[in-house]
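my_file.pdb follows (PDB, C-alpha atoms and all ligand atoms):
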ATOM      1  CA  MET T  12       0.000   0.000   0.000  1.00  0.00           C
ATOM      2  CA  ALA T  13       1.337   3.471  -0.920  1.00  0.00           C
ATOM      3  CA  GLY T  14       1.579   6.140   1.785  1.00  0.00           C
ATOM      4  CA  LYS T  15      -1.530   8.256   2.240  1.00  0.00           C
ATOM      5  CA  PHE T  16      -1.542  12.036   2.331  1.00  0.00           C
ATOM      6  CA  ILE T  17      -4.364  13.213   4.610  1.00  0.00           C
ATOM      7  CA  THR T  18      -5.239  16.779   5.580  1.00  0.00           C
ATOM      8  CA  LEU T  19      -7.235  18.107   8.526  1.00  0.00           C
ATOM      9  CA  GLU T  20      -9.179  21.341   8.264  1.00  0.00           C
ATOM     10  CA  GLY T  21     -11.287  23.506  10.544  1.00  0.00           C
ATOM     11  CA  ILE T  22     -11.423  26.863  12.241  1.00  0.00           C
ATOM     12  CA  ASP T  23      -9.010  27.691  15.055  1.00  0.00           C
ATOM     13  CA  GLY T  24      -9.973  25.694  18.152  1.00  0.00           C
ATOM     14  CA  SER T  25     -11.690  22.923  16.168  1.00  0.00           C
ATOM     15  CA  GLY T  26      -9.431  20.213  17.604  1.00  0.00           C
ATOM     16  CA  LYS T  27      -7.191  19.561  14.585  1.00  0.00           C
ATOM     17  CA  SER T  28      -4.029  18.906  16.616  1.00  0.00           C
ATOM     18  CA  THR T  29      -5.727  16.408  18.918  1.00  0.00           C
ATOM     19  CA  GLN T  30      -7.264  14.521  16.014  1.00  0.00           C
ATOM     20  CA  SER T  31      -4.065  14.705  13.964  1.00  0.00           C
ATOM     21  CA  GLN T  32      -2.210  12.926  16.759  1.00  0.00           C
ATOM     22  CA  LYS T  33      -4.869  10.239  17.144  1.00  0.00           C
ATOM     23  CA  ILE T  34      -5.332   9.724  13.400  1.00  0.00           C
ATOM     24  CA  SER T  35      -1.573   9.527  12.800  1.00  0.00           C
ATOM     25  CA  GLN T  36      -1.223   6.775  15.411  1.00  0.00           C
ATOM     26  CA  TRP T  37      -4.203   4.889  14.036  1.00  0.00           C
ATOM     27  CA  LEU T  38      -3.033   5.244  10.416  1.00  0.00           C
ATOM     28  CA  GLU T  39       0.411   3.947  11.312  1.00  0.00           C
ATOM     29  CA  SER T  40      -0.994   0.732  12.750  1.00  0.00           C
ATOM     30  CA  PHE T  41      -3.753   0.389  10.129  1.00  0.00           C
ATOM     31  CA  THR T  42      -1.393   0.724   7.161  1.00  0.00           C
ATOM     32  CA  GLY T  43       1.814  -0.562   8.786  1.00  0.00           C
ATOM     33  CA  LEU T  44       3.586   2.522   7.394  1.00  0.00           C
ATOM     34  CA  LYS T  45       5.458   5.209   9.322  1.00  0.00           C
ATOM     35  CA  THR T  46       3.367   8.377   9.550  1.00  0.00           C
ATOM     36  CA  VAL T  47       4.771  11.902   9.402  1.00  0.00           C
ATOM     37  CA  ARG T  48       2.657  14.421  11.295  1.00  0.00           C
ATOM     38  CA  THR T  49       2.912  18.017  10.151  1.00  0.00           C
ATOM     39  CA  PHE T  50       1.073  21.365   9.959  1.00  0.00           C
ATOM     40  CA  GLU T  51       0.888  24.704   8.148  1.00  0.00           C
ATOM     41  CA  PRO T  52       2.187  27.293   8.227  1.00  0.00           C
ATOM     42  CA  GLY T  53       5.758  26.339   9.127  1.00  0.00           C
ATOM     43  CA  GLY T  54       5.756  22.536   9.484  1.00  0.00           C
ATOM     44  CA  TRP T  55       8.874  21.980   7.359  1.00  0.00           C
ATOM     45  CA  PRO T  56      12.511  21.996   8.608  1.00  0.00           C
ATOM     46  CA  ASP T  57      13.335  25.631   9.421  1.00  0.00           C
ATOM     47  CA  GLY T  58       9.707  26.652   8.744  1.00  0.00           C
ATOM     48  CA  GLU T  59       9.253  28.065  12.227  1.00  0.00           C
ATOM     49  CA  ARG T  60      10.761  31.426  11.230  1.00  0.00           C
ATOM     50  CA  LEU T  61       8.393  31.867   8.294  1.00  0.00           C
ATOM     51  CA  ARG T  62       5.438  30.847  10.504  1.00  0.00           C
ATOM     52  CA  GLU T  63       6.420  33.424  13.075  1.00  0.00           C
ATOM     53  CA  PHE T  64       6.828  36.077  10.360  1.00  0.00           C
ATOM     54  CA  ILE T  65       3.455  35.387   8.701  1.00  0.00           C
ATOM     55  CA  LEU T  66       1.450  35.144  11.908  1.00  0.00           C
ATOM     56  CA  SER T  67       2.954  38.195  13.586  1.00  0.00           C
ATOM     57  CA  SER T  68       2.836  40.546  10.568  1.00  0.00           C
ATOM     58  CA  LYS T  69       0.090  43.106  10.850  1.00  0.00           C
ATOM     59  CA  ASN T  70       0.185  45.276   7.744  1.00  0.00           C
ATOM     60  CA  PHE T  71       0.236  42.960   4.758  1.00  0.00           C
ATOM     61  CA  SER T  72      -2.418  43.200   2.073  1.00  0.00           C
ATOM     62  CA  SER T  73      -4.605  40.126   1.660  1.00  0.00           C
ATOM     63  CA  MET T  74      -2.754  39.294  -1.569  1.00  0.00           C
ATOM     64  CA  SER T  75       0.665  39.388   0.125  1.00  0.00           C
ATOM     65  CA  GLU T  76      -0.709  37.230   2.905  1.00  0.00           C
ATOM     66  CA  LEU T  77      -1.999  34.727   0.339  1.00  0.00           C
ATOM     67  CA  LEU T  78       1.384  34.582  -1.390  1.00  0.00           C
ATOM     68  CA  LEU T  79       3.197  34.101   1.916  1.00  0.00           C
ATOM     69  CA  PHE T  80       0.993  31.144   2.855  1.00  0.00           C
ATOM     70  CA  LEU T  81       1.621  29.658  -0.596  1.00  0.00           C
ATOM     71  CA  ALA T  82       5.384  30.217  -0.320  1.00  0.00           C
ATOM     72  CA  ASP T  83       5.231  28.353   2.977  1.00  0.00           C
ATOM     73  CA  ARG T  84       3.268  25.537   1.303  1.00  0.00           C
ATOM     74  CA  ALA T  85       5.739  25.315  -1.591  1.00  0.00           C
ATOM     75  CA  GLU T  86       8.620  24.785   0.858  1.00  0.00           C
ATOM     76  CA  HIS T  87       6.546  22.350   2.896  1.00  0.00           C
ATOM     77  CA  VAL T  88       5.768  20.315  -0.229  1.00  0.00           C
ATOM     78  CA  SER T  89       9.307  20.168  -1.562  1.00  0.00           C
ATOM     79  CA  ARG T  90      11.178  19.775   1.718  1.00  0.00           C
ATOM     80  CA  LEU T  91       8.880  17.472   3.683  1.00  0.00           C
ATOM     81  CA  ILE T  92       5.668  16.238   2.065  1.00  0.00           C
ATOM     82  CA  LEU T  93       6.927  14.881  -1.270  1.00  0.00           C
ATOM     83  CA  PRO T  94      10.117  13.361   0.195  1.00  0.00           C
ATOM     84  CA  SER T  95       8.065  11.627   2.923  1.00  0.00           C
ATOM     85  CA  LEU T  96       5.559  10.211   0.414  1.00  0.00           C
ATOM     86  CA  ALA T  97       8.440   9.134  -1.839  1.00  0.00           C
ATOM     87  CA  ASP T  98       9.915   7.222   1.121  1.00  0.00           C
ATOM     88  CA  GLY T  99       6.606   5.353   1.411  1.00  0.00           C
ATOM     89  CA  PHE T 100       5.366   7.148   4.553  1.00  0.00           C
ATOM     90  CA  ASN T 101       1.897   8.471   5.306  1.00  0.00           C
ATOM     91  CA  VAL T 102       1.619  12.221   5.855  1.00  0.00           C
ATOM     92  CA  VAL T 103      -1.033  13.789   8.099  1.00  0.00           C
ATOM     93  CA  CYS T 104      -1.119  17.571   7.740  1.00  0.00           C
ATOM     94  CA  GLU T 105      -3.075  20.173   9.711  1.00  0.00           C
ATOM     95  CA  ARG T 106      -4.296  22.745   7.161  1.00  0.00           C
ATOM     96  CA  TRP T 107      -3.879  22.826   3.401  1.00  0.00           C
ATOM     97  CA  ASN T 108      -5.329  24.634   0.375  1.00  0.00           C
ATOM     98  CA  GLU T 109      -8.805  24.740   1.903  1.00  0.00           C
ATOM     99  CA  SER T 110      -7.434  26.796   4.824  1.00  0.00           C
ATOM    100  CA  THR T 111      -6.205  29.312   2.287  1.00  0.00           C
ATOM    101  CA  LEU T 112      -9.553  29.346   0.510  1.00  0.00           C
ATOM    102  CA  ALA T 113     -11.539  29.634   3.734  1.00  0.00           C
ATOM    103  CA  TYR T 114      -9.371  32.246   5.482  1.00  0.00           C
ATOM    104  CA  GLN T 115      -8.123  34.375   2.606  1.00  0.00           C
ATOM    105  CA  SER T 116     -11.568  34.545   0.947  1.00  0.00           C
ATOM    106  CA  GLY T 117     -14.153  34.211   3.729  1.00  0.00           C
ATOM    107  CA  GLY T 118     -11.880  35.807   6.291  1.00  0.00           C
ATOM    108  CA  HIS T 119      -9.897  38.315   4.306  1.00  0.00           C
ATOM    109  CA  GLY T 120     -11.943  39.210   1.275  1.00  0.00           C
ATOM    110  CA  LEU T 121     -10.073  37.779  -1.724  1.00  0.00           C
ATOM    111  CA  GLU T 122     -12.082  36.263  -4.588  1.00  0.00           C
ATOM    112  CA  VAL T 123     -12.264  32.463  -4.375  1.00  0.00           C
ATOM    113  CA  SER T 124     -11.662  32.224  -8.142  1.00  0.00           C
ATOM    114  CA  VAL T 125      -8.439  34.267  -7.839  1.00  0.00           C
ATOM    115  CA  ILE T 126      -7.137  32.096  -4.990  1.00  0.00           C
ATOM    116  CA  GLU T 127      -8.096  28.923  -6.855  1.00  0.00           C
ATOM    117  CA  ARG T 128      -6.307  30.041 -10.010  1.00  0.00           C
ATOM    118  CA  ILE T 129      -3.092  30.819  -8.137  1.00  0.00           C
ATOM    119  CA  ILE T 130      -3.226  27.588  -6.116  1.00  0.00           C
ATOM    120  CA  GLU T 131      -3.822  25.594  -9.297  1.00  0.00           C
ATOM    121  CA  SER T 132      -0.695  27.011 -10.881  1.00  0.00           C
ATOM    122  CA  CYS T 133       1.358  25.884  -7.853  1.00  0.00           C
ATOM    123  CA  ASN T 134       0.813  22.193  -8.714  1.00  0.00           C
ATOM    124  CA  PHE T 135       0.669  21.042  -5.109  1.00  0.00           C
ATOM    125  CA  PRO T 136      -0.042  17.338  -4.541  1.00  0.00           C
ATOM    126  CA  GLU T 137      -3.696  16.359  -4.089  1.00  0.00           C
ATOM    127  CA  PRO T 138      -4.462  14.781  -0.682  1.00  0.00           C
ATOM    128  CA  TYR T 139      -5.911  11.266  -0.545  1.00  0.00           C
ATOM    129  CA  ALA T 140      -8.535  12.530   1.920  1.00  0.00           C
ATOM    130  CA  LYS T 141      -9.354  15.907   3.447  1.00  0.00           C
ATOM    131  CA  ILE T 142     -11.119  15.901   6.798  1.00  0.00           C
ATOM    132  CA  PHE T 143     -13.166  18.896   7.923  1.00  0.00           C
ATOM    133  CA  LEU T 144     -13.840  19.187  11.663  1.00  0.00           C
ATOM    134  CA  ASP T 145     -17.010  21.261  11.652  1.00  0.00           C
ATOM    135  CA  VAL T 146     -17.204  22.751  15.148  1.00  0.00           C
ATOM    136  CA  PRO T 147     -19.659  25.575  15.962  1.00  0.00           C
ATOM    137  CA  PRO T 148     -17.667  28.864  15.909  1.00  0.00           C
ATOM    138  CA  GLU T 149     -18.926  29.836  19.387  1.00  0.00           C
ATOM    139  CA  ILE T 150     -17.487  26.634  20.930  1.00  0.00           C
ATOM    140  CA  ALA T 151     -14.182  26.906  19.046  1.00  0.00           C
ATOM    141  CA  PHE T 152     -13.822  30.586  19.912  1.00  0.00           C
ATOM    142  CA  GLU T 153     -14.260  29.905  23.622  1.00  0.00           C
ATOM    143  CA  ARG T 154     -11.569  27.197  23.469  1.00  0.00           C
ATOM    144  CA  VAL T 155      -9.158  29.586  21.757  1.00  0.00           C
ATOM    145  CA  ARG T 156      -9.885  32.330  24.271  1.00  0.00           C
ATOM    146  CA  LEU T 157      -9.012  29.964  27.110  1.00  0.00           C
ATOM    147  CA  ARG T 158      -5.694  29.010  25.501  1.00  0.00           C
ATOM    148  CA  ASN T 159      -3.427  31.527  27.166  1.00  0.00           C
ATOM    149  CA  ASN T 160      -0.408  31.252  24.880  1.00  0.00           C
ATOM    150  CA  HIS T 161      -2.168  31.926  21.568  1.00  0.00           C
ATOM    151  CA  SER T 162      -2.586  35.515  20.493  1.00  0.00           C
ATOM    152  CA  ASP T 163      -1.615  35.625  16.813  1.00  0.00           C
ATOM    153  CA  LYS T 164      -3.481  38.110  14.704  1.00  0.00           C
ATOM    154  CA  PHE T 165      -5.850  35.588  13.157  1.00  0.00           C
ATOM    155  CA  GLU T 166      -7.124  34.442  16.492  1.00  0.00           C
ATOM    156  CA  ALA T 167      -7.268  38.022  17.739  1.00  0.00           C
ATOM    157  CA  GLU T 168      -9.790  38.892  15.019  1.00  0.00           C
ATOM    158  CA  GLY T 169     -12.283  36.846  16.950  1.00  0.00           C
ATOM    159  CA  LEU T 170     -15.666  35.334  16.618  1.00  0.00           C
ATOM    160  CA  SER T 171     -16.906  37.207  13.556  1.00  0.00           C
ATOM    161  CA  LEU T 172     -13.871  36.025  11.563  1.00  0.00           C
ATOM    162  CA  MET T 173     -14.458  32.477  12.769  1.00  0.00           C
ATOM    163  CA  ARG T 174     -18.069  32.615  11.614  1.00  0.00           C
ATOM    164  CA  LYS T 175     -17.052  33.805   8.146  1.00  0.00           C
ATOM    165  CA  VAL T 176     -14.306  31.204   7.845  1.00  0.00           C
ATOM    166  CA  SER T 177     -16.652  28.490   9.062  1.00  0.00           C
ATOM    167  CA  ASP T 178     -19.230  29.494   6.421  1.00  0.00           C
ATOM    168  CA  SER T 179     -16.534  29.311   3.736  1.00  0.00           C
ATOM    169  CA  TYR T 180     -15.514  25.813   4.829  1.00  0.00           C
ATOM    170  CA  ARG T 181     -19.154  24.706   4.778  1.00  0.00           C
ATOM    171  CA  LEU T 182     -19.520  25.983   1.218  1.00  0.00           C
ATOM    172  CA  MET T 183     -16.724  23.559   0.238  1.00  0.00           C
ATOM    173  CA  SER T 184     -18.319  20.684   2.146  1.00  0.00           C
ATOM    174  CA  ASP T 185     -18.349  18.286  -0.835  1.00  0.00           C
ATOM    175  CA  ARG T 186     -14.537  18.240  -0.918  1.00  0.00           C
ATOM    176  CA  PHE T 187     -14.286  16.757   2.550  1.00  0.00           C
ATOM    177  CA  ILE T 188     -14.900  13.896   4.870  1.00  0.00           C
ATOM    178  CA  HIS T 189     -17.175  16.254   6.774  1.00  0.00           C
ATOM    179  CA  ILE T 190     -17.407  15.558  10.511  1.00  0.00           C
ATOM    180  CA  ASP T 191     -20.257  17.457  12.103  1.00  0.00           C
ATOM    181  CA  CYS T 192     -18.657  17.630  15.552  1.00  0.00           C
ATOM    182  CA  GLY T 193     -21.459  19.434  17.430  1.00  0.00           C
ATOM    183  CA  GLU T 194     -21.121  18.375  21.057  1.00  0.00           C
ATOM    184  CA  MET T 195     -19.253  15.125  20.263  1.00  0.00           C
ATOM    185  CA  SER T 196     -16.351  14.094  22.530  1.00  0.00           C
ATOM    186  CA  GLU T 197     -12.772  13.837  21.202  1.00  0.00           C
ATOM    187  CA  ASP T 198     -13.085  10.053  21.081  1.00  0.00           C
ATOM    188  CA  GLU T 199     -16.418  10.120  19.272  1.00  0.00           C
ATOM    189  CA  ILE T 200     -14.935  12.472  16.680  1.00  0.00           C
ATOM    190  CA  PHE T 201     -11.899  10.223  16.312  1.00  0.00           C
ATOM    191  CA  TRP T 202     -14.011   7.103  15.750  1.00  0.00           C
ATOM    192  CA  ALA T 203     -16.237   8.952  13.269  1.00  0.00           C
ATOM    193  CA  ILE T 204     -13.116   9.851  11.268  1.00  0.00           C
ATOM    194  CA  VAL T 205     -11.741   6.297  11.477  1.00  0.00           C
ATOM    195  CA  GLU T 206     -15.023   4.840  10.235  1.00  0.00           C
ATOM    196  CA  ARG T 207     -15.022   7.110   7.165  1.00  0.00           C
ATOM    197  CA  LEU T 208     -11.316   6.595   6.424  1.00  0.00           C
ATOM    198  CA  GLU T 209     -11.502   2.810   6.763  1.00  0.00           C
ATOM    199  CA  ALA T 210     -14.485   2.726   4.414  1.00  0.00           C
ATOM    200  CA  LYS T 211     -12.616   4.845   1.876  1.00  0.00           C
ATOM    201  CA  ILE T 212      -9.397   2.824   2.044  1.00  0.00           C
ATOM    202  CA  HIS T 213     -11.286  -0.490   1.789  1.00  0.00           C
ATOM    203  CA  GLY T 214     -13.492   0.858  -1.017  1.00  0.00           C
ATOM    204  CA  ASP T 215     -10.444   1.991  -2.976  1.00  0.00           C
ATOM    205  CA  SER T 216      -8.653  -1.362  -2.589  1.00  0.00           C
ATOM    206  CA  ASP T 217     -11.655  -3.426  -3.850  1.00  0.00           C
TER     207      ASP T 217
HETATM  208  P1  LIG P 301      -2.738  27.268  13.240  1.00  0.00           P
HETATM  209  O1  LIG P 301      -2.764  28.068  14.476  1.00  0.00           O
HETATM  210  O2  LIG P 301      -3.877  26.336  13.066  1.00  0.00           O
HETATM  211  O3  LIG P 301      -1.425  26.633  12.993  1.00  0.00           O
HETATM  212  O4  LIG P 301      -2.933  28.295  11.998  1.00  0.00           O
HETATM  213  C1  LIG P 301      -2.389  29.542  12.005  1.00  0.00           C
HETATM  214  C2  LIG P 301      -3.342  30.560  11.444  1.00  0.00           C
HETATM  215  O5  LIG P 301      -3.044  30.779  10.055  1.00  0.00           O
HETATM  216  C3  LIG P 301      -4.812  30.193  11.527  1.00  0.00           C
HETATM  217  O6  LIG P 301      -5.526  31.249  12.118  1.00  0.00           O
HETATM  218  C4  LIG P 301      -5.248  30.059  10.097  1.00  0.00           C
HETATM  219  C5  LIG P 301      -4.233  30.865   9.324  1.00  0.00           C
HETATM  220  N1  LIG P 301      -4.013  30.379   7.956  1.00  0.00           N
HETATM  221  C6  LIG P 301      -4.474  31.137   6.877  1.00  0.00           C
HETATM  222  O7  LIG P 301      -5.072  32.203   7.061  1.00  0.00           O
HETATM  223  N2  LIG P 301      -4.234  30.674   5.607  1.00  0.00           N
HETATM  224  C7  LIG P 301      -3.567  29.506   5.346  1.00  0.00           C
HETATM  225  O8  LIG P 301      -3.379  29.138   4.180  1.00  0.00           O
HETATM  226  C8  LIG P 301      -3.091  28.740   6.480  1.00  0.00           C
HETATM  227  C9  LIG P 301      -2.330  27.471   6.237  1.00  0.00           C
HETATM  228  C10 LIG P 301      -3.324  29.213   7.749  1.00  0.00           C
END

For this file, write the structure as structure tokens.
Ligand code: TMP
Amino acid sequence: MAGKFITLEGIDGSGKSTQSQKISQWLESFTGLKTVRTFEPGGWPDGERLREFILSSKNFSSMSELLLFLADRAEHVSRLILPSLADGFNVVCERWNESTLAYQSGGHGLEVSVIERIIESCNFPEPYAKIFLDVPPEIAFERVRLRNNHSDKFEAEGLSLMRKVSDSYRLMSDRFIHIDCGEMSEDEIFWAIVERLEAKIHGDSD
């Protein structure tokens, strides 16, 4: 079995990191392949500086912001994601193109068609599955507020941004394994993801 590239999407505070950890462990034992866990922006070797730069910059135009996220993705792809897949590993990544579409359009006002055109010309690899953790913005916002070490500018823009971003994700619902998290526990969400992924992997191997 070839390594699987799986992305996790959702607004800030939707539980992506928790599920990424659980899914990576599960995927490793299910497929018998080592699983690389990563994230955007900044998940590649030396990417921390670019992450810090993007998330702490206050005065960029939406277009510059878009191009910075894509520059980060280009490095991530060439330095970590493609080499890991070529080595036969699975890759589980928090955030991908749909983050850019949801945040830079819904959140920051760029045209979806413009973002899509630019992303298309980047030729990034297509994930095997994209998981969307659909958590009500009010619940996610409260979680983020309680996290005391997170104050980057995206989170600082608050609930109204989260609502817009959440609406944008929902408009792309057909691209995803869509998990309607509601009041589900972490474990219930995990098992809902596993059920959908197992069905997909089995279906594809028939
Ligand atoms: P994180 O805290 O989940 O790592 O994400 C950092 C922030 O960057 C988050 O608020 C979403 C934002 N972001 C974008 O606006 N566009 C993108 O393409 C990506 C990858 C992240």

Just give me the gap between atom CA of T:Asp98 and atom CA of T:Gln36 in Å, one decimal is fine.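 About the pair atom CA of T:Asp98 and atom CA of T:Gln36: they are 18.1 Å apart.
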
Leaving out T:Ser177 and any residue of its chain fewer than 2 positions from it, which residues lie within 10 Å of it when counting only C-alpha atoms, given as a count of residues only? 20

Quick one: of T:Glu149, T:Phe41, T:Asp178, T:Gly58, who's nearest to T:Leu112, counting only C-alpha atoms?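 Ranking T:Glu149, T:Phe41, T:Asp178, T:Gly58 by distance to T:Leu112, first place goes to T:Asp178.
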
What are the closest atom pairs, with distances in Å to one decimal, for all residues of chain T lying within 7 Å of ligand LIG 301 (chain P)? Consider only C-alpha atoms and all ligand atoms, order rows by chain and residue number, and present the result as a tab-separated table.
residue	atom	partner	partner_atom	distance
T:Asp23	CA	P:LIG301	O2	5.7
T:Phe50	CA	P:LIG301	O3	6.6
T:Glu51	CA	P:LIG301	C9	4.7
T:Pro52	CA	P:LIG301	C9	4.9
T:Leu66	CA	P:LIG301	O5	6.5
T:Leu77	CA	P:LIG301	O8	6.9
T:Phe80	CA	P:LIG301	O8	5.0
T:Leu81	CA	P:LIG301	O8	6.9
T:Arg106	CA	P:LIG301	C9	5.2
T:Trp107	CA	P:LIG301	C9	5.7
T:Asn108	CA	P:LIG301	O8	6.2
T:Ser110	CA	P:LIG301	O8	4.7
T:Thr111	CA	P:LIG301	O8	3.4
T:Tyr114	CA	P:LIG301	O7	4.6
T:Gln115	CA	P:LIG301	O7	5.8
T:Phe165	CA	P:LIG301	O6	4.5
T:Glu166	CA	P:LIG301	O6	5.6

Could you dump the residues just selected with C-alpha atoms as a PDB file, in the frame of the given file?
ATOM      1  CA  ASP T  23      -9.010  27.691  15.055  1.00  0.00           C
ATOM      2  CA  PHE T  50       1.073  21.365   9.959  1.00  0.00           C
ATOM      3  CA  GLU T  51       0.888  24.704   8.148  1.00  0.00           C
ATOM      4  CA  PRO T  52       2.187  27.293   8.227  1.00  0.00           C
ATOM      5  CA  LEU T  66       1.450  35.144  11.908  1.00  0.00           C
ATOM      6  CA  LEU T  77      -1.999  34.727   0.339  1.00  0.00           C
ATOM      7  CA  PHE T  80       0.993  31.144   2.855  1.00  0.00           C
ATOM      8  CA  LEU T  81       1.621  29.658  -0.596  1.00  0.00           C
ATOM      9  CA  ARG T 106      -4.296  22.745   7.161  1.00  0.00           C
ATOM     10  CA  TRP T 107      -3.879  22.826   3.401  1.00  0.00           C
ATOM     11  CA  ASN T 108      -5.329  24.634   0.375  1.00  0.00           C
ATOM     12  CA  SER T 110      -7.434  26.796   4.824  1.00  0.00           C
ATOM     13  CA  THR T 111      -6.205  29.312   2.287  1.00  0.00           C
ATOM     14  CA  TYR T 114      -9.371  32.246   5.482  1.00  0.00           C
ATOM     15  CA  GLN T 115      -8.123  34.375   2.606  1.00  0.00           C
ATOM     16  CA  PHE T 165      -5.850  35.588  13.157  1.00  0.00           C
ATOM     17  CA  GLU T 166      -7.124  34.442  16.492  1.00  0.00           C
TER      18      GLU T 166
END

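Put simply, atom CA of T:Trp37 is 18.1 Å away from atom CA of T:Glu20.
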
Once the PyMOL selection byres (((chain T and resi 15) around 10) and not hetatm) is applied to the coordinates I shared, what remains selected? I want it as JSON, numbers by chain. {"T": [12, 13, 14, 16, 17, 18, 38, 42, 44, 46, 96, 99, 100, 101, 102, 103, 138, 139, 140, 212]}

Interatomic distance, atom CA of T:Leu144 to atom CA of T:Ile204 (Å, one decimal): 9.4 Å

Looking at only C-alpha atoms, which of T:Ala85, T:Arg154, T:Gly193, T:Thr29 is the one that sits closest to T:Ser132?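 Closest candidate: T:Ala85.
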
Using only C-alpha atoms for the distances, tell me which of T:Ile188, T:Ile34, T:Val205, T:Val123 is nearest to T:Ile142.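 Ranking T:Ile188, T:Ile34, T:Val205, T:Val123 by distance to T:Ile142, first place goes to T:Ile188.
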
For T:Glu105, the closest of T:Leu121, T:Ala151, T:Ile65, T:Leu19 counting only C-alpha atoms is T:Leu19

For T:Ser184, which of T:Glu137, T:Glu131, T:Glu206, T:Glu109 is the closest residue, counting all atoms listed in the file?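 For T:Ser184, the nearest of the candidates is T:Glu109.
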